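Visitor: Okay, here's the structure, questions in a sec.
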Amino acid sequence: MISCLGISKKYVSVEALKDITFEVPQGEIFGVIGPDGAGKTTLFRILTTLMLADSGTATVNGLDVVKDYREIRNHVGYMPGRFSLYRDLTVEENLNFFAKVFHTTVKENYDLVKDIYVQLEPFRKRRADALSGGMKQKLALSCALIHKPAALFLDEPTTGVDPVSRKEFWGMLQNLKRQGITILVSTPYMDEAALCDRMALIRNGSFLAIDTPEGITAQFSKPLWAVRSNRMSKLLADLRAGDGVESCFAFGDRHHVTLKREEPGRLREYLANQGHQDVEIDRIQPGIEDCFIRLTMP
Amino acid sequence: MKKAIEVENLTKRFGSFTAVNAISFDVAQGEIFGFLGANGAGKTTAMRMLCGLSRPTSGKGAVAGFDMIRQPEEIKRHIGYMSQRFSLYEDLAVWENIRLFAGIYGVPEKEIAPRTDGMLARIGFESGRNTRVKELPLGWKQKLSFAVAIFHEPKIVFLDEPTGGVDPLTRRRFWEMIYDAADRGISVFVTTHYMDEAEYCNRVSIMVDGRIDALDTPKNLKQQFGVRSMDEVFHRLARENALTSNAN
């Protein structure tokens, strides 16, 4: 459905994308996971025909992003990172406008947006700029869907959105996937990565890895230990100073640690000598965030 | 010891809508205080009042030792603030930004140069002194904004989603700067959507529909709700209210 071969893009001196190659089959949710400035938005703009790559080729739904740019626009829905609907139109007016621009009607494709749009219905006479963040996001998704696109490009749809609304939003994406829509979605939140079918970790314009969530975490090459004690701040410093410790990062109420040699018994002894009490050391499965850190460690 | 924040029944109404509904809490010196809540729960409105930018409809309180009703200008001068949107001047060099903000916050002329040296050394950025801010990577911009926000050594610094969108390594380094500031006695008032970061706070409050529905250490909150993570605590509190608060 989406195919990208050797795409590169440079802005003056910054290489925004370096030789990006990947494929997304129909009906897949593919995540582009990485921090601000990694190149996510540039990639989305190139694939939605809003920007030209310096080199490489890409197709969406079998159409070339350069030659067939007009036709592609009828087949893709794009939700940019910044809220880009008409602020002085109402909810209903915005949706009708986007339907009309794509030569269709809200009625014709209502099935597709129904689940999302019913939540907006009570506010259909409200101007878009008077909606809360979560509602704006739902309206933007409805407008991106109203012409029944084959592929949906969502650029950081959940940035700045609270954890509960984020979970809801991902539920909606699962519903769209079931209707056969291909979804390319970017996010800086690592916990969302686990909800994608496959993903690419991106940093400084390059893909660090492309795989399923399980595939990514399986690449973590060392046993990972979660450590806690009664003094977490001191524990972080002591772990970093410990000579058997390879890496150590804070993860909520525990620190995630890899060891140079797999001897957690000696670590326990060392921490006791440093005055730590209630020390717990557990072997755990690494998550996407552990992998991202490991891949980007200096 | 004097509190960095003490508020009682702080309330803000816009017409018939109550954005902040009689919240009461305090923040001790050197405490890291997490201020959580769903979008639309009233966090931003509460924070604007605490920073002296918006007058409470009712209630009372003091921030950095100054009265919220009578001395909002003093509050603005004596707090630090860093917004989620990056707020340094892109076209100025690093040292020019420091010089500008130090002047605005009334740091004595003689102290600016030595303190600038000390600050750049502490964050390990001496080599970046003459770099224009727009040329810095996002991670450095964020660290620098934080250092600038506490340059005048405020009693308390307000951080509004300081780590939104940064990579996992930078996010952790940023939190080490927060710990460092707290160790030096600066209170930190921080909002975040990353629930693992809630665990790094000494105490956490969770706002729901304008009220503070929970306030305690992360450990006690998890115990209280019988769950294993702050993420679950947040979902327990915010889920039932997700639809109503979205409607605002």
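Starting from 1 in every chain, residues are counted up; chains themselves are A, B, ... following the order of the structure tokens, and ligands are numbered from 1 as listed.
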Using only C-alpha atoms, select each residue of chain A with any atom at most 6 Å away from an atom of chain B, and give the selection as a PyMOL selection string.

Guide: chain A and resi 35-36+162+188+252-253

Visitor: As number ranges by chain, please: every residue in segment 66-140 of chain B that DSSP puts in strand (DSSP E or B).

Guide: B: 66-67, 79-82, 93, 132

Visitor: Near segment 135-138 of chain A, within 8 Å and counting only C-alpha atoms, which residues show up once chain neighbours fewer than 2 positions away are dropped, as a ChimeraX atom specification?

Guide: /A:83,116-117,120,128,131-133,140-142,157 /B:246-247

Visitor: Using the selection just defined, write its residues with all heavy atoms as a compact mmCIF listing (two decimals), in the first residue's frame.

Guide:
```
# COMPACT_ATOMS: atom_id res chain seq x y z
N PHE A 83 -3.10 21.63 14.50
CA PHE A 83 -4.52 21.68 14.19
C PHE A 83 -4.73 22.58 12.97
O PHE A 83 -4.40 23.75 12.97
CB PHE A 83 -5.29 22.24 15.39
CG PHE A 83 -6.78 22.25 15.18
CD1 PHE A 83 -7.49 21.06 15.13
CD2 PHE A 83 -7.47 23.44 15.05
CE1 PHE A 83 -8.85 21.06 14.94
CE2 PHE A 83 -8.84 23.45 14.86
CZ PHE A 83 -9.54 22.27 14.80
N ILE A 116 -16.67 7.92 15.65
CA ILE A 116 -15.93 9.07 16.15
C ILE A 116 -16.85 10.28 16.21
O ILE A 116 -16.87 11.03 17.19
CB ILE A 116 -14.73 9.37 15.23
CG1 ILE A 116 -13.88 8.10 15.09
CG2 ILE A 116 -13.91 10.51 15.76
CD1 ILE A 116 -13.01 8.09 13.87
N TYR A 117 -17.65 10.43 15.15
CA TYR A 117 -18.42 11.65 15.02
C TYR A 117 -19.57 11.73 16.04
O TYR A 117 -19.94 12.83 16.46
CB TYR A 117 -18.94 11.81 13.58
CG TYR A 117 -19.50 13.19 13.30
CD1 TYR A 117 -18.64 14.30 13.28
CD2 TYR A 117 -20.85 13.39 13.10
CE1 TYR A 117 -19.13 15.57 13.04
CE2 TYR A 117 -21.35 14.67 12.86
CZ TYR A 117 -20.49 15.75 12.83
OH TYR A 117 -20.97 17.01 12.60
N LEU A 120 -18.94 13.87 18.80
CA LEU A 120 -18.88 15.31 18.50
C LEU A 120 -20.27 15.89 18.26
O LEU A 120 -20.45 17.11 18.32
CB LEU A 120 -18.05 15.53 17.22
CG LEU A 120 -16.55 15.34 17.31
CD1 LEU A 120 -15.96 15.22 15.91
CD2 LEU A 120 -15.91 16.51 18.03
N ALA A 128 -14.93 25.41 15.71
CA ALA A 128 -13.82 24.49 15.95
C ALA A 128 -12.85 25.03 16.99
O ALA A 128 -12.30 24.28 17.79
CB ALA A 128 -13.09 24.19 14.65
N LEU A 131 -13.41 24.11 20.75
CA LEU A 131 -13.39 22.71 21.21
C LEU A 131 -12.17 22.46 22.10
O LEU A 131 -11.15 23.12 21.96
CB LEU A 131 -13.31 21.77 19.99
CG LEU A 131 -14.49 21.76 19.03
CD1 LEU A 131 -14.13 20.89 17.82
CD2 LEU A 131 -15.75 21.24 19.71
N SER A 132 -12.29 21.47 22.98
CA SER A 132 -11.14 21.05 23.79
C SER A 132 -10.17 20.28 22.90
O SER A 132 -10.50 19.87 21.79
CB SER A 132 -11.60 20.16 24.94
OG SER A 132 -11.96 18.89 24.45
N GLY A 133 -8.96 20.05 23.42
CA GLY A 133 -7.93 19.36 22.65
C GLY A 133 -8.38 18.00 22.13
O GLY A 133 -8.19 17.67 20.96
N ALA A 140 -10.58 16.46 13.61
CA ALA A 140 -9.54 16.40 12.57
C ALA A 140 -9.50 14.99 11.96
O ALA A 140 -9.35 14.84 10.75
CB ALA A 140 -8.19 16.77 13.16
N LEU A 141 -9.65 13.98 12.79
CA LEU A 141 -9.65 12.61 12.28
C LEU A 141 -10.88 12.36 11.40
O LEU A 141 -10.77 11.77 10.32
CB LEU A 141 -9.61 11.61 13.44
CG LEU A 141 -9.54 10.12 13.07
CD1 LEU A 141 -8.30 9.81 12.25
CD2 LEU A 141 -9.57 9.23 14.32
N SER A 142 -12.03 12.86 11.81
CA SER A 142 -13.24 12.71 11.00
C SER A 142 -13.07 13.37 9.63
O SER A 142 -13.45 12.81 8.60
CB SER A 142 -14.45 13.35 11.70
OG SER A 142 -14.66 12.77 12.96
N PRO A 157 -0.75 12.51 16.26
CA PRO A 157 -2.12 12.86 16.64
C PRO A 157 -2.32 12.95 18.15
O PRO A 157 -3.28 13.55 18.60
CB PRO A 157 -2.95 11.70 16.06
CG PRO A 157 -2.00 10.56 15.97
CD PRO A 157 -0.66 11.18 15.65
N ASN B 246 -13.96 16.17 28.32
CA ASN B 246 -13.74 16.44 26.90
C ASN B 246 -14.77 17.40 26.35
O ASN B 246 -14.52 18.14 25.41
CB ASN B 246 -13.84 15.14 26.10
CG ASN B 246 -12.49 14.48 25.96
OD1 ASN B 246 -11.47 15.11 26.18
ND2 ASN B 246 -12.50 13.21 25.61
N ALA B 247 -15.94 17.38 26.96
CA ALA B 247 -17.03 18.20 26.45
C ALA B 247 -16.81 19.69 26.70
O ALA B 247 -17.44 20.51 26.08
CB ALA B 247 -18.34 17.75 27.08
```

Visitor: Which is closest to Val94 of chain B among B:Val63, B:Leu136, B:Val107, B:Ile75, if we use only C-alpha atoms?

Guide: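 Answer, going by the shortest atom-to-atom distance: B:Leu136.
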
Visitor: What's the 10 Å shell around Val65 of chain A, counting only C-alpha atoms, without same-chain residues fewer than 5 positions away, as a ChimeraX atom specification?

Guide: /A:4,46-53,57-60,70-73

Visitor: For segment 285-289 of chain A, please output as a compact mmCIF listing (two decimals) with all heavy atoms, in the first residue's frame all residues within 6 Å (counting only C-alpha atoms; exclusion window: fewer than 2 positions along the same chain).

Guide:
```txt
# COMPACT_ATOMS: atom_id res chain seq x y z
N MET A 190 6.54 6.27 23.59
CA MET A 190 6.99 4.89 23.37
C MET A 190 5.93 3.86 23.77
O MET A 190 5.91 2.76 23.26
CB MET A 190 8.27 4.61 24.16
CG MET A 190 9.39 5.56 23.85
SD MET A 190 10.19 5.22 22.26
CE MET A 190 10.77 6.85 21.83
N CYS A 291 14.58 -0.35 24.43
CA CYS A 291 15.27 -0.60 23.16
C CYS A 291 15.70 0.71 22.50
O CYS A 291 16.80 0.82 21.97
CB CYS A 291 14.37 -1.38 22.20
SG CYS A 291 13.93 -2.99 22.85
N PHE A 292 14.80 1.69 22.54
CA PHE A 292 15.14 2.98 21.92
C PHE A 292 16.36 3.58 22.60
O PHE A 292 17.29 4.05 21.95
CB PHE A 292 13.95 3.94 22.03
CG PHE A 292 14.08 5.14 21.12
CD1 PHE A 292 13.50 5.14 19.87
CD2 PHE A 292 14.82 6.24 21.51
CE1 PHE A 292 13.64 6.23 19.03
CE2 PHE A 292 14.96 7.33 20.67
CZ PHE A 292 14.36 7.33 19.42
```

Visitor: Mind checking which residues fall within 7 Å of Ile206 of chain B, counting only C-alpha atoms, ignoring those fewer than 5 positions away in the same chain, and posting them as a list of chain:residue names?

Guide: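 Residues meeting the cut-off are B:Phe35, B:Leu36, B:Gly37, B:Ile212, B:Asp213, B:Ala214, B:Leu215.
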
Visitor: Write out as a compact mmCIF listing (two decimals) with all heavy atoms, in the first residue's frame each polymer residue whose atoms come within 10 Å of Ile2 of chain A, counting only C-alpha atoms; drop sequence neighbours fewer than 6 positions from it.

Guide:
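Writing the result to part_32.txt gives the following:
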```txt
# COMPACT_ATOMS: atom_id res chain seq x y z
N PHE A 22 11.08 1.48 3.26
CA PHE A 22 10.18 0.57 4.00
C PHE A 22 8.91 0.35 3.20
O PHE A 22 8.63 1.07 2.24
CB PHE A 22 9.86 1.11 5.40
CG PHE A 22 8.98 2.34 5.40
CD1 PHE A 22 7.63 2.25 5.78
CD2 PHE A 22 9.46 3.58 5.04
CE1 PHE A 22 6.81 3.37 5.80
CE2 PHE A 22 8.66 4.71 5.06
CZ PHE A 22 7.34 4.61 5.43
N GLU A 23 8.15 -0.67 3.60
CA GLU A 23 6.87 -0.97 2.96
C GLU A 23 5.81 -1.19 4.00
O GLU A 23 6.08 -1.76 5.07
CB GLU A 23 6.98 -2.24 2.12
CG GLU A 23 7.98 -2.11 1.00
CD GLU A 23 7.46 -2.73 -0.29
OE1 GLU A 23 6.32 -3.24 -0.30
OE2 GLU A 23 8.21 -2.69 -1.28
N VAL A 24 4.61 -0.75 3.71
CA VAL A 24 3.48 -1.00 4.61
C VAL A 24 2.38 -1.68 3.81
O VAL A 24 1.85 -1.09 2.87
CB VAL A 24 2.93 0.32 5.20
CG1 VAL A 24 1.81 0.03 6.20
CG2 VAL A 24 4.05 1.12 5.87
N PRO A 25 2.04 -2.94 4.14
CA PRO A 25 0.95 -3.62 3.43
C PRO A 25 -0.41 -3.06 3.82
O PRO A 25 -0.52 -2.40 4.87
CB PRO A 25 1.08 -5.08 3.88
CG PRO A 25 1.86 -5.05 5.13
CD PRO A 25 2.69 -3.81 5.13
N GLN A 26 -1.41 -3.37 2.99
CA GLN A 26 -2.75 -2.84 3.25
C GLN A 26 -3.29 -3.30 4.60
O GLN A 26 -3.08 -4.45 5.00
CB GLN A 26 -3.71 -3.28 2.14
CG GLN A 26 -4.96 -2.41 2.12
CD GLN A 26 -6.17 -3.16 1.65
OE1 GLN A 26 -6.07 -4.03 0.80
NE2 GLN A 26 -7.32 -2.83 2.22
N LEU A 47 5.23 11.75 1.56
CA LEU A 47 4.29 10.68 1.19
C LEU A 47 2.90 11.21 0.86
O LEU A 47 2.14 10.57 0.14
CB LEU A 47 4.20 9.63 2.30
CG LEU A 47 5.49 8.81 2.50
CD1 LEU A 47 5.36 7.91 3.72
CD2 LEU A 47 5.80 7.99 1.25
N ALA A 58 8.69 6.90 -4.07
CA ALA A 58 7.68 6.38 -3.15
C ALA A 58 6.36 6.25 -3.86
O ALA A 58 6.03 7.05 -4.75
CB ALA A 58 7.55 7.31 -1.95
N THR A 59 5.59 5.23 -3.49
CA THR A 59 4.24 5.08 -4.02
C THR A 59 3.27 4.86 -2.87
O THR A 59 3.61 4.30 -1.84
CB THR A 59 4.12 3.89 -4.99
OG1 THR A 59 4.42 2.69 -4.27
CG2 THR A 59 5.05 4.01 -6.17
N VAL A 60 2.04 5.36 -3.10
CA VAL A 60 0.95 5.10 -2.15
C VAL A 60 -0.21 4.56 -2.97
O VAL A 60 -0.60 5.17 -3.96
CB VAL A 60 0.53 6.40 -1.43
CG1 VAL A 60 -0.65 6.14 -0.50
CG2 VAL A 60 1.68 6.99 -0.64
N ASN A 61 -0.72 3.41 -2.57
CA ASN A 61 -1.81 2.78 -3.31
C ASN A 61 -1.43 2.59 -4.78
O ASN A 61 -2.26 2.76 -5.68
CB ASN A 61 -3.07 3.65 -3.19
CG ASN A 61 -4.35 2.83 -3.32
OD1 ASN A 61 -4.30 1.60 -3.36
ND2 ASN A 61 -5.47 3.51 -3.44
N GLY A 62 -0.17 2.29 -5.03
CA GLY A 62 0.30 2.06 -6.39
C GLY A 62 0.56 3.32 -7.20
O GLY A 62 0.97 3.24 -8.35
N LEU A 63 0.34 4.47 -6.62
CA LEU A 63 0.52 5.73 -7.35
C LEU A 63 1.82 6.42 -6.91
O LEU A 63 2.14 6.44 -5.72
CB LEU A 63 -0.67 6.66 -7.08
CG LEU A 63 -2.03 6.12 -7.50
CD1 LEU A 63 -3.15 6.88 -6.81
CD2 LEU A 63 -2.17 6.20 -9.02
N ALA A 151 -5.47 5.15 2.57
CA ALA A 151 -4.41 5.25 3.58
C ALA A 151 -4.57 6.53 4.37
O ALA A 151 -4.94 7.57 3.83
CB ALA A 151 -3.05 5.21 2.90
N THR A 182 -5.25 1.51 5.75
CA THR A 182 -3.85 1.45 6.12
C THR A 182 -3.51 2.72 6.88
O THR A 182 -3.91 3.81 6.47
CB THR A 182 -2.98 1.37 4.85
OG1 THR A 182 -3.47 0.28 4.06
CG2 THR A 182 -1.52 1.17 5.18
N ILE A 183 -2.79 2.59 7.98
CA ILE A 183 -2.52 3.76 8.81
C ILE A 183 -1.03 3.92 9.08
O ILE A 183 -0.38 3.01 9.60
CB ILE A 183 -3.28 3.67 10.16
CG1 ILE A 183 -4.79 3.57 9.90
CG2 ILE A 183 -2.97 4.88 11.02
CD1 ILE A 183 -5.61 3.28 11.15
N LEU A 184 -0.50 5.09 8.70
CA LEU A 184 0.86 5.44 9.08
C LEU A 184 0.73 6.50 10.16
O LEU A 184 0.12 7.55 9.94
CB LEU A 184 1.62 6.00 7.86
CG LEU A 184 3.13 6.11 8.02
CD1 LEU A 184 3.78 4.74 7.96
CD2 LEU A 184 3.73 6.99 6.92
```

Visitor: Quick check, in Å to one decimal: how far apart do atom CA of Val208 of chain B and atom CA of Ala41 of chain B lie?

Guide: 5.2 Å
